[in-house]
file run16.txt (compact mmCIF, C-alpha atoms)
# COMPACT_ATOMS: atom_id res chain seq x y z
CA MET A 1 49.06 38.08 -4.96
CA THR A 2 48.03 34.44 -4.86
CA VAL A 3 46.63 33.15 -1.58
CA SER A 4 48.49 30.15 -0.16
CA LYS A 5 46.26 27.10 -0.47
CA THR A 6 46.11 23.34 -0.72
CA SER A 7 43.35 21.03 -1.88
CA VAL A 8 41.74 17.85 -0.72
CA LEU A 9 39.36 15.45 -2.42
CA VAL A 10 36.32 14.89 -0.21
CA LEU A 11 34.24 11.72 -0.39
CA ASP A 12 30.85 11.54 1.31
CA SER A 13 29.89 8.51 3.38
CA SER A 14 27.38 7.56 6.04
CA ASP A 15 30.28 5.84 7.86
CA PRO A 16 33.42 7.95 7.33
CA GLU A 17 35.57 5.99 9.78
CA THR A 18 35.09 2.69 7.91
CA LEU A 19 35.64 4.29 4.50
CA ALA A 20 38.75 6.09 5.80
CA GLU A 21 40.16 2.78 7.07
CA PHE A 22 39.52 1.22 3.64
CA TYR A 23 41.40 3.99 1.81
CA ALA A 24 44.17 4.08 4.41
CA GLN A 25 44.84 0.38 3.86
CA LEU A 26 44.47 0.67 0.07
CA LEU A 27 46.85 3.65 -0.14
CA ASP A 28 49.26 2.56 2.62
CA ALA A 29 48.26 5.69 4.52
CA ARG A 30 47.07 6.55 8.00
CA VAL A 31 43.77 7.80 9.38
CA ARG A 32 43.75 11.15 11.17
CA ARG A 33 40.70 12.31 13.11
CA CYS A 34 39.72 15.93 12.48
CA ALA A 35 38.54 18.47 15.03
CA ASP A 36 35.11 18.25 13.40
CA PRO A 37 33.82 14.70 14.14
CA ASP A 38 32.06 14.55 10.76
CA PHE A 39 35.41 14.65 8.92
CA VAL A 40 38.18 12.02 8.84
CA ASP A 41 41.45 12.50 6.91
CA VAL A 42 43.44 9.83 5.12
CA VAL A 43 47.05 10.98 4.94
CA GLY A 44 49.74 9.11 3.06
CA GLN A 45 53.14 9.45 1.54
CA ASP A 46 53.90 11.67 -1.45
CA GLY A 47 51.14 14.13 -0.57
CA VAL A 48 48.25 11.66 -0.74
CA ARG A 49 45.31 13.14 1.14
CA LEU A 50 41.60 12.36 1.15
CA THR A 51 38.93 13.55 3.53
CA ILE A 52 35.85 11.49 4.24
CA ARG A 53 32.80 13.55 5.28
CA ARG A 54 29.85 12.15 7.20
CA ASP A 55 26.62 12.57 5.26
CA HIS A 56 23.74 11.11 7.25
CA CYS A 57 21.58 11.02 4.11
CA HIS A 58 24.30 9.57 1.88
CA ALA A 59 23.14 7.47 -1.03
CA PRO A 60 25.71 5.63 -3.14
CA PRO A 61 26.44 7.42 -6.42
CA SER A 62 24.26 6.32 -9.30
CA TRP A 63 26.51 7.56 -12.10
CA PRO A 64 25.83 7.78 -14.96
CA ARG A 65 22.21 8.30 -13.90
CA PRO A 66 21.54 11.82 -12.62
CA ASP A 67 19.92 10.74 -9.32
CA ASP A 68 22.36 11.05 -6.41
CA SER A 69 25.15 11.32 -8.97
CA GLN A 70 27.67 13.41 -7.04
CA GLN A 71 30.81 11.34 -6.85
CA ALA A 72 33.15 13.65 -4.94
CA HIS A 73 33.86 17.31 -4.43
CA LEU A 74 36.98 19.41 -4.12
CA HIS A 75 37.81 21.40 -1.01
CA ILE A 76 40.45 24.10 -1.36
CA LEU A 77 41.93 24.82 2.04
CA VAL A 78 43.10 28.31 3.01
CA ALA A 79 43.88 30.12 6.25
CA ALA A 80 40.79 31.69 7.84
CA ALA A 81 42.32 35.14 7.50
CA ASP A 82 42.66 34.61 3.73
CA MET A 83 39.03 33.66 2.98
CA ASP A 84 38.05 37.02 1.47
CA ALA A 85 41.23 37.21 -0.62
CA ALA A 86 40.72 33.63 -1.80
CA GLU A 87 37.15 34.51 -2.81
CA ARG A 88 38.31 37.55 -4.77
CA GLU A 89 40.95 35.44 -6.49
CA ALA A 90 38.53 32.64 -7.41
CA VAL A 91 35.92 35.06 -8.76
CA SER A 92 38.56 36.99 -10.74
CA LEU A 93 39.54 33.71 -12.42
CA GLY A 94 35.95 32.94 -13.43
CA ALA A 95 34.42 31.15 -10.41
CA ARG A 96 30.80 31.91 -9.61
CA PRO A 97 29.56 31.93 -5.99
CA MET A 98 26.79 29.38 -5.40
CA GLU A 99 24.06 29.29 -2.80
CA ALA A 100 24.72 26.85 0.03
CA ARG A 101 23.23 25.98 3.40
CA ASP A 102 25.45 28.57 5.00
CA ASP A 103 25.43 32.23 4.04
CA VAL A 104 27.76 32.11 1.02
CA GLY A 105 30.54 34.68 1.14
CA HIS A 106 30.53 34.81 4.93
CA GLY A 107 32.14 32.27 7.20
CA ASP A 108 34.56 29.39 6.93
CA VAL A 109 32.91 27.49 4.04
CA ARG A 110 32.17 29.06 0.64
CA VAL A 111 30.85 27.19 -2.39
CA TYR A 112 31.59 28.14 -6.01
CA ALA A 113 31.14 26.81 -9.51
CA ASP A 114 34.17 26.67 -11.78
CA PRO A 115 33.85 28.09 -15.32
CA ALA A 116 32.53 24.70 -16.54
CA GLY A 117 29.95 24.50 -13.72
CA HIS A 118 31.69 22.00 -11.39
CA SER A 119 31.25 22.90 -7.74
CA PHE A 120 34.13 23.33 -5.33
CA THR A 121 34.39 24.65 -1.81
CA VAL A 122 36.90 27.04 -0.27
CA VAL A 123 37.28 26.10 3.39
CA ALA A 124 39.13 27.83 6.21
CA HIS A 125 41.46 25.03 7.27
CA GLU A 126 41.36 26.01 10.94
CA GLY A 127 37.60 25.38 10.82
CA ARG A 128 37.39 22.05 8.99
CA ALA A 129 40.56 20.17 8.20
call {"tool": "encode", "arguments": {"input": "run16.txt", "output": "structure tokens"}}
result
Amino acid sequence: MTVSKTSVLVLDSSDPETLAEFYAQLLDARVRRCADPDFVDVVGQDGVRLTIRRDHCHAPPSWPRPDDSQQAHLHILVAAADMDAAEREAVSLGARPMEARDDVGHGDVRVYADPAGHSFTVVAHEGRA
């Protein structure tokens, strides 16, 4: 059985409120504050959704140079009760659990690599979004 999920593109910023306002105006969307003060959502029509995450050590991307080259990362949102099932599903499809600050595999945030090595995070939506 497939776990019910949605996804959100997450951009890092030292000032998430300002970046959220920029994207809200650009996309004719609205800003929605999250329960976690380090996250701000940009919600628009036709399913447009971005989340801006506060990163106190944020450095602008240097792409194509490898230093500070992360541009964005994908969060896949699931119900907290479905975290273990979502992990089993992701791993069965070829995802590989990655080490993270938190104890991977336990809790409301779990980081994986897709089969090509791109990282993504499964997040319990009650805890973050």
call {"tool": "atom_distance", "arguments": {"input": "run16.txt", "atom1": "atom CA of A:Leu74", "atom2": "atom CA of A:Phe120"}}
result
5.0 Å
call {"tool": "closest_residue", "arguments": {"input": "run16.txt", "among": "A:Leu26, A:Ala113, A:Val31, A:Leu50", "to": "A:Leu93", "atoms": "all atoms listed in the file"}}
result
A:Ala113
call {"tool": "atom_distance", "arguments": {"input": "run16.txt", "atom1": "atom CA of A:Phe22", "atom2": "atom CA of A:Ser119"}}
result
25.8 Å
call {"tool": "closest_residue", "arguments": {"input": "run16.txt", "among": "A:Arg110, A:Leu9, A:Val40, A:Thr2", "to": "A:Ala72", "atoms": "all atoms listed in the file"}}
result
A:Leu9
call {"tool": "residues_around", "arguments": {"input": "run16.txt", "residues": "stretch 51-54 of chain A", "least_positions_apart": "6", "cutoff": "7 Å", "atoms": "all atoms listed in the file", "output": "compact mmCIF listing (two decimals) with C-alpha atoms, in the frame of the given file"}}
result
# COMPACT_ATOMS: atom_id res chain seq x y z
CA VAL A 8 41.74 17.85 -0.72
CA LEU A 9 39.36 15.45 -2.42
CA VAL A 10 36.32 14.89 -0.21
CA LEU A 11 34.24 11.72 -0.39
CA ASP A 12 30.85 11.54 1.31
CA SER A 13 29.89 8.51 3.38
CA SER A 14 27.38 7.56 6.04
CA ASP A 15 30.28 5.84 7.86
CA PRO A 16 33.42 7.95 7.33
CA ALA A 20 38.75 6.09 5.80
CA ASP A 38 32.06 14.55 10.76
CA PHE A 39 35.41 14.65 8.92
CA VAL A 40 38.18 12.02 8.84
CA ASP A 41 41.45 12.50 6.91
CA VAL A 42 43.44 9.83 5.12
call {"tool": "atom_distance", "arguments": {"input": "run16.txt", "atom1": "atom CA of A:Met83", "atom2": "atom CA of A:Arg49"}}
result
21.5 Å
call {"tool": "residues_near_point", "arguments": {"input": "run16.txt", "point": "(45.9, 32.6, -3.1)", "cutoff": "12 Å", "atoms": "only C-alpha atoms", "output": "list in words"}}
result
Met1, Thr2, Val3, Ser4, Lys5, Thr6, Ser7, Ile76, Leu77, Val78, Ala79, Ala81, Asp82, Met83, Asp84, Ala85, Ala86, Glu87, Arg88, Glu89, Ala90, Val91, Ser92, Leu93 and Val122 of chain A
call {"tool": "closest_residue", "arguments": {"input": "run16.txt", "among": "A:His118, A:His75, A:Arg30, A:His56", "to": "A:Gly44", "atoms": "only C-alpha atoms"}}
result
A:Arg30
call {"tool": "residues_around", "arguments": {"input": "run16.txt", "residues": "A:Ala80", "least_positions_apart": "3", "cutoff": "7 Å", "atoms": "all atoms listed in the file", "output": "PyMOL selection string"}}
result
chain A and resi 83+108+124-126
call {"tool": "closest_residue", "arguments": {"input": "run16.txt", "among": "A:Ala29, A:Cys57, A:Tyr112, A:Pro37", "to": "A:Glu17", "atoms": "only C-alpha atoms"}}
result
A:Pro37
